[in-house]
$ cat query-v8.txt   # compact mmCIF, C-alpha atoms
# COMPACT_ATOMS: atom_id res chain seq x y z
CA MET A 217 -3.93 126.88 125.72
CA THR A 218 -3.08 123.72 123.75
CA VAL A 219 -1.16 123.67 120.48
CA ALA A 220 -4.42 122.79 118.69
CA GLU A 221 -6.10 125.90 120.09
CA ALA A 222 -3.05 128.02 119.29
CA LEU A 223 -2.97 126.75 115.70
CA ALA A 224 -6.59 127.80 115.25
CA ARG A 225 -5.92 131.17 116.84
CA THR A 226 -2.87 131.71 114.62
CA LEU A 227 -4.89 130.99 111.49
CA ARG A 228 -7.57 133.43 112.61
CA ARG A 229 -5.03 136.13 113.45
CA GLN A 230 -3.57 135.78 109.95
CA GLN A 231 -7.01 136.34 108.40
CA VAL A 232 -7.40 132.82 107.09
CA GLN A 233 -11.00 132.73 105.90
CA LEU A 234 -11.46 129.07 105.01
CA VAL A 235 -10.11 126.05 106.86
CA THR A 236 -11.07 122.56 105.73
CA ALA A 237 -10.24 119.27 107.41
CA VAL A 238 -10.88 115.54 107.30
CA PRO A 239 -10.93 113.69 110.66
CA GLY A 240 -7.66 112.14 111.81
CA HIS A 241 -5.45 112.35 114.87
CA GLY A 242 -4.04 115.87 115.05
CA ALA A 243 -6.31 117.27 112.37
CA THR A 244 -9.37 116.42 114.48
CA GLN A 245 -8.15 118.37 117.51
CA ALA A 246 -6.88 121.36 115.52
CA PHE A 247 -10.05 121.67 113.45
CA GLY A 248 -12.16 121.15 116.56
CA ALA A 249 -10.47 124.21 118.06
CA TRP A 250 -11.17 126.13 114.83
CA GLN A 251 -14.83 125.07 115.00
CA THR A 252 -15.11 126.25 118.61
CA GLN A 253 -13.59 129.64 117.84
CA ARG A 254 -15.81 130.10 114.78
CA GLN A 255 -18.86 129.12 116.82
CA GLN A 256 -18.01 131.68 119.46
CA ARG A 257 -17.44 134.48 116.95
CA HIS A 258 -19.94 133.71 114.18
CA GLY A 259 -22.59 131.56 115.83
CA GLN A 260 -21.93 128.50 113.68
CA ALA A 261 -19.15 126.00 113.19
CA PRO A 262 -18.00 124.72 109.78
CA PRO A 263 -18.24 120.94 109.33
CA PHE A 264 -15.52 118.39 108.67
CA SER A 265 -15.17 117.33 105.04
CA PHE A 266 -15.78 113.75 103.95
CA HIS A 267 -13.05 113.55 101.30
CA GLU A 268 -9.56 115.03 101.19
CA GLU A 269 -9.64 115.91 97.50
CA VAL A 270 -12.78 117.96 98.07
CA ALA A 271 -11.23 119.66 101.12
CA ALA A 272 -8.17 120.54 99.03
CA GLY A 273 -10.20 121.78 96.07
CA MET A 274 -12.33 123.99 98.29
CA ALA A 275 -9.28 125.58 99.91
CA HIS A 276 -7.75 126.30 96.52
CA GLY A 277 -11.00 127.80 95.26
CA ALA A 278 -10.90 130.27 98.14
CA ALA A 279 -7.18 131.02 97.92
CA LEU A 280 -7.15 131.55 94.18
CA ARG A 281 -9.86 134.17 94.64
CA GLY A 282 -7.74 136.01 97.19
CA ARG A 283 -8.94 134.49 100.49
CA ARG A 284 -6.35 132.78 102.68
CA ALA A 285 -7.02 129.09 103.27
CA ALA A 286 -5.63 126.08 105.10
CA VAL A 287 -6.22 122.33 104.94
CA LEU A 288 -5.72 120.08 108.00
CA LEU A 289 -4.99 116.43 107.17
CA LYS A 290 -3.15 113.27 108.07
CA ALA A 291 -0.39 111.95 105.80
CA HIS A 292 -2.62 109.36 104.13
CA GLY A 293 -5.24 112.03 103.47
CA PHE A 294 -2.69 114.28 101.84
CA LEU A 295 -1.89 111.55 99.32
CA LYS A 296 -5.61 111.25 98.55
CA ALA A 297 -5.59 114.99 97.84
CA ALA A 298 -2.35 114.91 95.82
CA ASN A 299 -4.19 114.93 92.49
CA ALA A 300 -5.72 118.27 93.41
CA VAL A 301 -2.42 119.57 94.82
CA ALA A 302 -0.58 118.83 91.57
CA ASP A 303 -2.93 121.08 89.62
CA GLN A 304 -2.75 123.75 92.32
CA LEU A 305 0.97 123.93 91.66
CA ALA A 306 0.25 124.31 87.94
CA ALA A 307 -2.48 126.93 88.34
CA GLY A 308 -0.91 128.72 91.29
CA THR A 309 -2.79 130.69 93.87
CA THR A 310 -3.37 134.30 94.92
CA ALA A 311 -3.72 134.35 98.70
CA GLY A 312 -1.79 132.02 100.97
CA LEU A 313 -2.70 128.33 100.87
CA VAL A 314 -1.14 126.02 103.47
CA TYR A 315 -1.49 122.30 104.09
CA VAL A 316 -0.89 121.22 107.66
CA VAL A 317 -0.21 117.48 107.78
CA PHE A 318 -0.15 115.77 111.16
CA ASP A 319 2.49 113.08 111.17
CA ASP A 320 1.89 109.73 112.88
CA PRO A 321 5.39 108.17 112.70
CA THR A 322 4.53 104.94 114.54
CA GLY A 323 1.15 104.33 112.91
CA ALA A 324 -0.57 104.39 116.30
CA HIS A 325 -3.57 106.22 114.82
CA SER A 326 -3.26 105.10 111.18
CA ASP A 327 -3.73 102.03 109.03
CA SER A 328 0.00 102.06 108.18
CA VAL A 329 3.17 104.08 108.67
CA LEU A 330 3.63 106.75 106.02
CA ASP A 331 6.13 109.59 105.67
CA VAL A 332 4.56 112.13 103.33
CA GLU A 333 7.55 114.44 102.96
CA GLY A 334 9.18 112.56 100.08
CA PRO A 335 6.04 112.35 97.89
CA ALA A 336 5.21 115.99 98.62
CA ARG A 337 8.65 117.17 97.56
CA ARG A 338 8.45 115.05 94.42
CA LEU A 339 5.25 116.90 93.53
CA GLY A 340 7.25 120.13 93.74
CA LEU A 341 5.72 121.33 97.00
CA HIS A 342 7.86 123.28 99.45
CA VAL A 343 7.84 121.37 102.76
CA THR A 344 8.62 122.62 106.29
CA ARG A 345 9.03 120.29 109.27
CA PRO A 346 9.60 122.69 112.18
CA ASP A 347 10.68 121.94 115.72
CA PRO A 348 7.62 121.82 118.02
CA GLU A 349 8.38 125.17 119.65
CA ALA A 350 8.51 126.79 116.19
CA ALA A 351 5.25 125.27 114.88
CA LEU A 352 3.18 128.45 115.08
CA SER A 353 5.80 130.73 113.56
CA ALA A 354 6.40 128.17 110.81
CA LEU A 355 2.70 128.29 109.95
CA VAL A 356 2.81 132.08 109.61
CA GLU A 357 5.96 131.90 107.49
CA ALA A 358 4.39 129.27 105.25
CA LEU A 359 1.38 131.51 104.62
CA ALA A 360 3.66 134.46 103.84
CA HIS A 361 5.87 132.46 101.47
CA SER A 362 2.84 130.89 99.79
CA GLU A 363 1.50 134.36 99.07
CA ALA A 364 4.84 135.65 97.81
CA GLN A 365 5.36 132.70 95.45
CA GLN A 366 1.67 132.19 94.66
CA LEU A 367 2.11 128.47 95.38
CA PRO A 368 0.72 126.24 98.15
CA ARG A 369 3.02 125.14 100.97
CA LEU A 370 3.12 122.15 103.34
CA VAL A 371 3.88 122.18 107.08
CA ILE A 372 4.37 118.79 108.78
CA LEU A 373 3.69 118.64 112.52
CA PRO A 374 3.76 115.67 114.95
CA ALA A 375 0.17 114.58 115.56
CA GLY A 376 0.82 114.14 119.27
CA LEU A 377 1.83 117.78 119.58
CA VAL A 378 -1.74 119.10 119.45
CA ASP A 379 -2.53 118.38 123.11
CA ASP A 380 0.70 119.91 124.46
CA PRO A 381 0.88 123.38 126.02
CA ALA A 382 1.37 125.93 123.26
CA PRO A 383 4.16 128.43 122.78
CA PRO A 384 3.02 132.06 122.46
CA VAL A 385 0.99 132.84 119.36
CA PRO A 386 3.17 134.95 117.02
CA GLU A 387 2.44 138.66 117.19
CA ARG A 388 3.19 139.13 113.50
CA SER A 389 0.16 139.90 111.34
CA LEU A 390 0.43 139.49 107.59
CA ASN A 391 -0.66 142.27 105.29
CA ALA A 392 -3.86 141.85 103.29
CA PRO A 393 -3.47 139.29 100.50
CA PRO A 394 -3.15 140.44 96.89
CA ALA A 395 -6.25 140.95 94.79
CA TYR A 396 -7.35 138.21 92.40
CA GLN A 397 -6.81 138.79 88.70
CA ARG A 398 -8.47 136.55 86.14
CA ASP A 399 -5.84 134.83 83.98
CA VAL A 400 -7.05 131.96 81.81
CA ALA A 401 -3.58 130.97 80.58
CA ARG A 402 -2.41 130.42 84.17
CA HIS A 403 -5.55 129.24 85.91
CA VAL A 404 -7.19 126.88 83.39
CA CYS A 405 -5.25 123.62 83.52
CA CYS A 406 -5.52 121.93 80.13
CA PRO A 407 -3.19 120.76 77.33
CA LEU A 408 -3.39 124.15 75.60
CA PHE A 409 -1.50 125.81 78.46
CA ALA A 410 0.32 122.94 80.22
CA ASP A 411 3.84 123.85 79.04
CA TYR A 412 3.35 127.51 79.90
CA GLN A 413 1.94 126.72 83.33
CA HIS A 414 4.83 124.39 84.10
CA ALA A 415 7.33 127.08 83.10
CA VAL A 416 5.54 129.56 85.37
CA PHE A 417 5.60 127.04 88.23
CA ARG A 418 9.34 126.48 87.80
CA ALA A 419 9.98 130.22 87.78
CA ARG A 420 7.98 130.70 90.98
CA ASN A 421 9.58 127.73 92.68
CA GLU A 422 13.07 128.89 91.78
CA GLY A 423 12.48 132.50 92.78
CA ARG A 424 12.48 133.87 89.23
CA ALA A 425 9.94 136.31 87.82
CA PRO A 426 6.99 134.33 86.42
CA ASP A 427 5.93 137.28 84.27
CA ALA A 428 9.13 136.83 82.26
CA VAL A 429 7.78 133.56 80.85
CA GLU A 430 6.44 134.11 77.35
CA ARG A 431 2.66 133.97 77.35
CA PRO A 432 0.74 131.83 74.86
CA ALA A 433 -1.86 133.28 72.53
CA LEU A 434 -5.46 132.59 73.51
CA PRO A 435 -7.39 130.74 70.79
CA ARG A 436 -11.02 131.62 70.16
CA VAL A 437 -13.77 129.16 70.88
CA PRO A 438 -15.07 127.25 69.00
CA ASP A 439 -13.32 128.20 65.73
CA ASP A 440 -9.70 127.80 66.86
CA LEU A 441 -10.13 124.60 68.86
CA PRO A 442 -8.53 121.31 67.80
CA ASP A 443 -10.56 119.20 65.39
CA ASP A 444 -11.39 116.60 68.03
CA HIS A 445 -12.95 119.20 70.36
CA ARG A 446 -14.59 121.64 67.94
CA PRO A 447 -17.75 119.62 67.05
CA MET A 448 -18.73 119.17 70.70
CA ALA A 449 -17.93 122.80 71.50
CA GLU A 450 -20.17 123.92 68.65
CA ARG A 451 -23.05 122.00 70.22
CA TYR A 452 -22.47 123.87 73.48
CA VAL A 453 -22.63 127.34 71.87
CA PRO A 454 -26.33 128.12 72.60
CA LEU A 455 -25.93 127.22 76.26
CA PHE A 456 -22.76 129.27 76.71
CA ASP A 457 -24.27 132.18 74.80
CA ALA A 458 -26.85 132.25 77.59
CA PHE A 459 -24.41 131.44 80.38
CA SER A 460 -22.09 134.32 79.46
CA GLY A 461 -24.83 136.74 80.55
CA VAL A 462 -25.40 135.15 83.98
CA ASP A 463 -24.27 137.07 87.07
CA ARG A 464 -21.22 135.17 88.32
CA ALA A 465 -18.41 136.14 90.69
CA VAL A 466 -16.48 132.99 89.82
CA THR A 467 -16.95 129.97 87.58
CA ALA A 468 -14.85 126.83 87.99
CA GLY A 469 -14.57 124.37 85.13
CA ASP A 470 -13.78 120.70 84.90
CA THR A 471 -11.72 118.53 82.60
CA THR A 472 -14.34 118.84 79.89
CA VAL A 473 -14.74 120.55 76.53
CA GLY A 474 -17.16 123.01 78.11
CA THR A 475 -14.32 124.50 80.15
CA LEU A 476 -12.75 125.78 76.93
CA PHE A 477 -15.48 128.44 76.95
CA ALA A 478 -13.09 130.17 79.35
CA LEU A 479 -11.51 131.44 76.13
CA PRO A 480 -12.61 134.50 74.18
CA PRO A 481 -15.11 135.61 73.12
CA TYR A 482 -17.12 133.84 75.88
CA GLU A 483 -14.82 134.08 78.94
CA ALA A 484 -17.44 132.05 80.82
CA VAL A 485 -15.05 129.99 83.01
CA ASP A 486 -12.26 131.32 85.24
CA VAL A 487 -10.35 128.32 86.57
CA CYS A 488 -9.99 124.59 85.94
CA THR A 489 -7.95 122.01 87.79
CA TYR A 490 -8.41 118.25 88.29
CA MET A 491 -11.14 115.95 87.00
CA GLY A 492 -14.17 116.64 89.17
CA GLY A 493 -12.59 119.73 90.72
CA SER A 494 -15.05 122.32 89.47
CA LEU A 495 -17.64 121.84 92.22
CA PRO A 496 -15.14 121.90 95.14
CA MET A 497 -13.35 124.92 93.67
CA ALA A 498 -16.56 126.91 93.26
CA LEU A 499 -17.84 125.82 96.67
CA GLY A 500 -14.61 126.89 98.36
CA ALA A 501 -14.85 130.34 96.84
CA LEU A 502 -18.47 130.51 97.96
CA ALA A 503 -17.62 129.39 101.50
CA ALA A 504 -15.06 132.21 101.66
CA GLY A 505 -17.63 134.82 100.63
CA VAL A 506 -17.19 134.94 96.85
CA ALA A 507 -20.69 134.78 95.36
CA PRO A 508 -22.40 133.85 93.11
CA ALA A 509 -20.22 130.81 92.44
CA TRP A 510 -20.86 128.39 89.57
CA ALA A 511 -19.31 125.12 88.44
CA VAL A 512 -19.29 123.74 84.90
CA THR A 513 -18.77 119.98 84.78
CA GLY A 514 -19.04 117.13 82.32
CA ASP A 515 -20.90 113.96 83.19
CA PHE A 516 -17.72 111.89 83.60
CA GLY A 517 -16.07 114.33 86.01
CA PHE A 518 -19.33 114.80 87.89
CA VAL A 519 -19.82 111.06 88.46
CA ALA A 520 -16.14 110.43 89.15
CA ALA A 521 -15.65 113.00 91.90
CA GLY A 522 -17.50 116.28 91.40
CA HIS A 523 -20.72 115.20 93.07
CA LEU A 524 -18.85 114.77 96.38
CA ALA A 525 -18.90 118.55 96.75
CA LEU A 526 -22.71 118.51 96.71
CA LEU A 527 -22.56 116.83 100.12
CA GLU A 528 -20.40 119.71 101.29
CA ALA A 529 -22.82 122.26 99.83
CA GLN A 530 -25.72 120.60 101.65
CA GLN A 531 -24.07 120.40 105.05
CA ARG A 532 -22.78 123.97 104.75
CA ALA A 533 -26.13 125.25 103.42
CA LEU A 534 -24.41 127.04 100.53
CA PRO A 535 -26.13 127.83 97.19
CA LEU A 536 -23.66 126.21 94.80
CA LYS A 537 -24.79 126.44 91.17
CA VAL A 538 -23.82 123.75 88.67
CA VAL A 539 -24.05 123.32 84.91
CA LEU A 540 -23.87 119.59 84.13
CA LEU A 541 -23.04 118.85 80.48
CA HIS A 542 -24.45 115.38 79.96
CA ASN A 543 -23.34 113.95 76.63
CA GLY A 544 -22.79 110.33 77.63
CA GLN A 545 -19.04 110.37 77.13
CA ALA A 546 -15.73 111.73 78.39
CA ALA A 547 -15.31 113.94 75.34
CA ALA A 548 -12.10 115.60 76.57
CA THR A 549 -10.24 112.31 77.06
CA GLY A 550 -11.21 110.20 74.05
CA GLY A 551 -14.96 109.62 74.27
CA GLN A 552 -15.07 106.91 76.94
CA PRO A 553 -18.75 106.10 77.64
CA VAL A 554 -20.60 107.40 80.69
CA PRO A 555 -23.58 105.07 81.22
CA LEU A 556 -26.85 106.89 81.82
CA PRO A 557 -27.64 104.89 85.00
CA ALA A 558 -24.43 106.18 86.59
CA VAL A 559 -25.51 109.80 86.09
CA GLU A 560 -29.08 109.09 87.18
CA THR A 561 -27.92 107.28 90.32
CA VAL A 562 -25.82 110.24 91.42
CA LEU A 563 -28.51 112.80 90.58
CA ALA A 564 -31.16 110.77 92.43
CA GLY A 565 -29.61 111.86 95.71
CA HIS A 566 -30.08 115.51 94.71
CA GLU A 567 -33.27 115.37 92.67
CA ASP A 568 -34.78 118.43 94.38
CA ALA A 569 -31.83 120.49 93.12
CA VAL A 570 -32.02 119.32 89.48
CA ILE A 571 -33.38 121.64 86.78
CA PRO A 572 -33.79 119.69 83.51
CA LEU A 573 -32.62 121.28 80.26
CA ARG A 574 -33.83 118.76 77.71
CA ASP A 575 -33.03 120.81 74.61
CA PRO A 576 -29.85 122.84 75.15
CA SER A 577 -29.88 123.79 71.47
CA ASP A 578 -32.88 126.04 72.28
CA ALA A 579 -31.50 129.42 73.38
CA SER A 580 -34.68 130.45 75.20
CA ALA A 581 -34.78 127.14 77.11
CA CYS A 582 -31.16 127.68 78.15
CA ARG A 583 -31.87 131.17 79.45
CA ALA A 584 -34.93 129.95 81.38
CA ALA A 585 -33.04 127.07 83.03
CA LEU A 586 -30.16 129.33 84.03
CA ARG A 587 -32.52 131.96 85.45
CA GLU A 588 -34.26 129.35 87.56
CA THR A 589 -30.94 127.98 88.77
CA ALA A 590 -29.67 131.42 89.76
CA ALA A 591 -32.89 132.14 91.66
CA ARG A 592 -32.78 128.97 93.80
CA LYS A 593 -31.92 129.56 97.46
CA GLY A 594 -29.91 126.36 97.81
CA PRO A 595 -27.74 124.23 95.53
CA ALA A 596 -29.08 123.87 91.99
CA ILE A 597 -27.97 121.82 88.99
CA VAL A 598 -28.81 122.57 85.36
CA HIS A 599 -28.90 119.12 83.78
CA ALA A 600 -28.15 119.87 80.11
CA ASP A 601 -28.94 116.72 78.15
CA TYR A 602 -27.04 116.23 74.90
CA PRO A 603 -28.27 112.90 73.51
CA ASP A 604 -26.10 110.75 71.24
CA GLY A 605 -22.87 112.35 72.43
$ encode --input "query-v8.txt" --output "structure tokens"
Amino acid sequence: MTVAEALARTLRRQQVQLVTAVPGHGATQAFGAWQTQRQQRHGQAPPFSFHEEVAAGMAHGAALRGRRAAVLLKAHGFLKAANAVADQLAAGTTAGLVYVVFDDPTGAHSDSVLDVEGPARRLGLHVTRPDPEAALSALVEALAHSEAQQLPRLVILPAGLVDDPAPPVPERSLNAPPAYQRDVARHVCCPLFADYQHAVFRARNEGRAPDAVERPALPRVPDDLPDDHRPMAERYVPLFDAFSGVDRAVTAGDTTVGTLFALPPYEAVDVCTYMGGSLPMALGALAAGVAPAWAVTGDFGFVAAGHLALLEAQQRALPLKVVLLHNGQAAATGGQPVPLPAVETVLAGHEDAVIPLRDPSDASACRAALRETAARKGPAIVHADYPDG
């Protein structure tokens, strides 16, 4: 058995339910072994991801909902995913979440030489660089520590190790991961909770009790929102009145005013991380068996990065559901314009999945669009059009 095969077997033995990867020396071999083992046991193999930020967001979506997850990457890919990782440290996790980065110290299989350990530690991530004979046990320990701290962890392995003969797979089996508990103040990354989330992160990272950190009060939406967000939130009320009644196991939000409907009395969103992260987060939960899974995104976040997860949904044949709030601007970050052709260009590649909602002020139209979306067998996107911002 090679190290790559043993890594895959170790992840399976530790009940890791979702592994994502982007091709690269080391990651390719390890994920290939995972694909083979999944094919043998389940009759189908999960695909490689196209983008590291999506792979990271999916893994976090699964782990936050209590399913262990791992991401297999090269060093350069980890830096592409670092935006997502930063918010994972802020939001925390529930089940173990481990990044395995395959180091290429001479650049033989890379466009340049890059040591990822320094940047990862600067993010606040706990990093392990084990000796080759301890690689498998280090992976198990990283999963266990991730679960105990409710923070992701990083294991760095030499890329050339994957083809070597493997040491014995550790006999240790971790207990079942803790159950997910919805917690808006911890899981919705936004300015309202940033200080609190950072204090919780520091407590976890330093081995202190995070529950000792004083919790912030939850404002009510839309009445208690800041003046610059309240007018747009008020326009979203009819849609979220309808959305609150939709059957949902998890809803991931984006960096958009609509995500603030995570607050009472709506409680319509469960988690929010980076710009464009709602679709990968929801898809990751779905891929790990948490369904139905919905994403709420603004047009800016959707065009910037969120739509990349639709490619994942297609190749995995998963019924991701999306609410796209199209108001022609990045309302959460100052009203920067989102040109209509940009949205139309992205949606053109998924036109069969689009369900138009031309008047989201009409409560009955909102309910009808959401019902149709929920009933679709594959991915579906409610395109809620709010003209004139």
$ residues_around --input "query-v8.txt" --residues "region 317-319 of chain A" --least-positions-apart "6" --cutoff "7 Å" --atoms "all atoms listed in the file" --output "list of chain:residue names"
A:Gly242, A:Ala243, A:Leu288, A:Leu289, A:Lys290, A:Ala291, A:Val371, A:Ile372, A:Leu373, A:Pro374, A:Ala375
$ closest_residue --input "query-v8.txt" --among "A:Val385, A:Val316, A:Asp568, A:Asn421" --to "Leu370 (chain A)" --atoms "all atoms listed in the file"
A:Val316
$ atom_distance --input "query-v8.txt" --atom1 "CA of Thr218 (chain A)" --atom2 "CA of Asp380 (chain A)"
5.4 Å
$ closest_residue --input "query-v8.txt" --among "A:Arg436, A:Arg464, A:Arg398, A:Arg592" --to "Phe477 (chain A)" --atoms "only C-alpha atoms"
A:Arg436
$ residues_near_point --input "query-v8.txt" --point "(-31.3, 127.9, 67.6)" --cutoff "12 Å" --atoms "all atoms listed in the file" --output "list in words"
Glu450, Arg451, Tyr452, Val453, Pro454, Leu455, Asp457, Ala458, Asp575, Pro576, Ser577, Asp578, Ala579, Ser580, Ala581 and Cys582 of chain A
$ atom_distance --input "query-v8.txt" --atom1 "CA of Phe518 (chain A)" --atom2 "CA of Val570 (chain A)"
13.6 Å
$ atom_distance --input "query-v8.txt" --atom1 "CA of Ala415 (chain A)" --atom2 "CA of Pro368 (chain A)"
16.5 Å
$ residues_around --input "query-v8.txt" --residues "Val538 (chain A)" --least-positions-apart "2" --cutoff "8 Å" --atoms "all atoms listed in the file" --output "JSON, numbers by chain"
{"A": [495, 510, 511, 512, 513, 536, 540, 595, 596, 597, 598]}
$ residues_near_point --input "query-v8.txt" --point "(6.2, 114.6, 101.2)" --cutoff "10 Å" --atoms "only C-alpha atoms" --output "list in words"
Ala291, Phe294, Leu295, Val317, Leu330, Asp331, Val332, Glu333, Gly334, Pro335, Ala336, Arg337, Arg338, Leu339, Gly340, Leu341, His342, Val343, Thr344, Leu370, Val371 and Ile372 of chain A
$ residues_around --input "query-v8.txt" --residues "Val356 (chain A)" --least-positions-apart "4" --cutoff "9 Å" --atoms "all atoms listed in the file" --output "ChimeraX atom specification"
/A:226-227,230,351-352,360-361,386,388-390
$ residues_around --input "query-v8.txt" --residues "Gly277 (chain A)" --least-positions-apart "5" --cutoff "7 Å" --atoms "all atoms listed in the file" --output "ChimeraX atom specification"
/A:497-498,500-501
$ write_last_selection --input "query-v8.txt" --atoms "C-alpha atoms" --output "short mmCIF file (atom, residue, chain, number, x, y, z; two decimals), keeping the file's coordinate frame"
data_model
loop_
_atom_site.label_atom_id
_atom_site.label_comp_id
_atom_site.auth_asym_id
_atom_site.auth_seq_id
_atom_site.Cartn_x
_atom_site.Cartn_y
_atom_site.Cartn_z
CA MET A 497 -13.35 124.92 93.67
CA ALA A 498 -16.56 126.91 93.26
CA GLY A 500 -14.61 126.89 98.36
CA ALA A 501 -14.85 130.34 96.84
#
$ closest_residue --input "query-v8.txt" --among "A:Glu387, A:Gln255, A:Pro447, A:Leu476" --to "Leu408 (chain A)" --atoms "all atoms listed in the file"
A:Leu476
$ decode --input "query-v8.txt" --residues "region 494-505 of chain A" --atoms "N, CA and C atoms" --output "mmCIF file, in the first residue's frame"
data_model
loop_
_atom_site.group_PDB
_atom_site.id
_atom_site.type_symbol
_atom_site.label_atom_id
_atom_site.label_comp_id
_atom_site.auth_asym_id
_atom_site.auth_seq_id
_atom_site.Cartn_x
_atom_site.Cartn_y
_atom_site.Cartn_z
ATOM 1 N N SER A 494 -21.487 31.323 -0.094
ATOM 2 C CA SER A 494 -22.749 30.674 0.264
ATOM 3 C C SER A 494 -22.994 29.406 -0.541
ATOM 4 N N LEU A 495 -22.740 29.444 -1.840
ATOM 5 C CA LEU A 495 -23.002 28.268 -2.672
ATOM 6 C C LEU A 495 -22.057 27.107 -2.329
ATOM 7 N N PRO A 496 -20.737 27.325 -2.214
ATOM 8 C CA PRO A 496 -19.879 26.211 -1.795
ATOM 9 C C PRO A 496 -20.242 25.657 -0.424
ATOM 10 N N MET A 497 -20.562 26.521 0.529
ATOM 11 C CA MET A 497 -20.911 26.050 1.872
ATOM 12 C C MET A 497 -22.143 25.152 1.829
ATOM 13 N N ALA A 498 -23.190 25.614 1.161
ATOM 14 C CA ALA A 498 -24.414 24.822 1.071
ATOM 15 C C ALA A 498 -24.168 23.519 0.309
ATOM 16 N N LEU A 499 -23.379 23.597 -0.754
ATOM 17 C CA LEU A 499 -23.111 22.404 -1.554
ATOM 18 C C LEU A 499 -22.307 21.377 -0.756
ATOM 19 N N GLY A 500 -21.359 21.844 0.051
ATOM 20 C CA GLY A 500 -20.589 20.924 0.868
ATOM 21 C C GLY A 500 -21.451 20.185 1.876
ATOM 22 N N ALA A 501 -22.370 20.918 2.505
ATOM 23 C CA ALA A 501 -23.301 20.259 3.422
ATOM 24 C C ALA A 501 -24.138 19.226 2.679
ATOM 25 N N LEU A 502 -24.589 19.593 1.489
ATOM 26 C CA LEU A 502 -25.403 18.693 0.682
ATOM 27 C C LEU A 502 -24.614 17.445 0.284
ATOM 28 N N ALA A 503 -23.359 17.639 -0.119
ATOM 29 C CA ALA A 503 -22.524 16.506 -0.524
ATOM 30 C C ALA A 503 -22.268 15.554 0.635
ATOM 31 N N ALA A 504 -22.339 16.065 1.862
ATOM 32 C CA ALA A 504 -22.128 15.234 3.044
ATOM 33 C C ALA A 504 -23.434 14.682 3.604
ATOM 34 N N GLY A 505 -24.535 14.882 2.883
ATOM 35 C CA GLY A 505 -25.798 14.272 3.276
ATOM 36 C C GLY A 505 -26.756 15.156 4.024
#
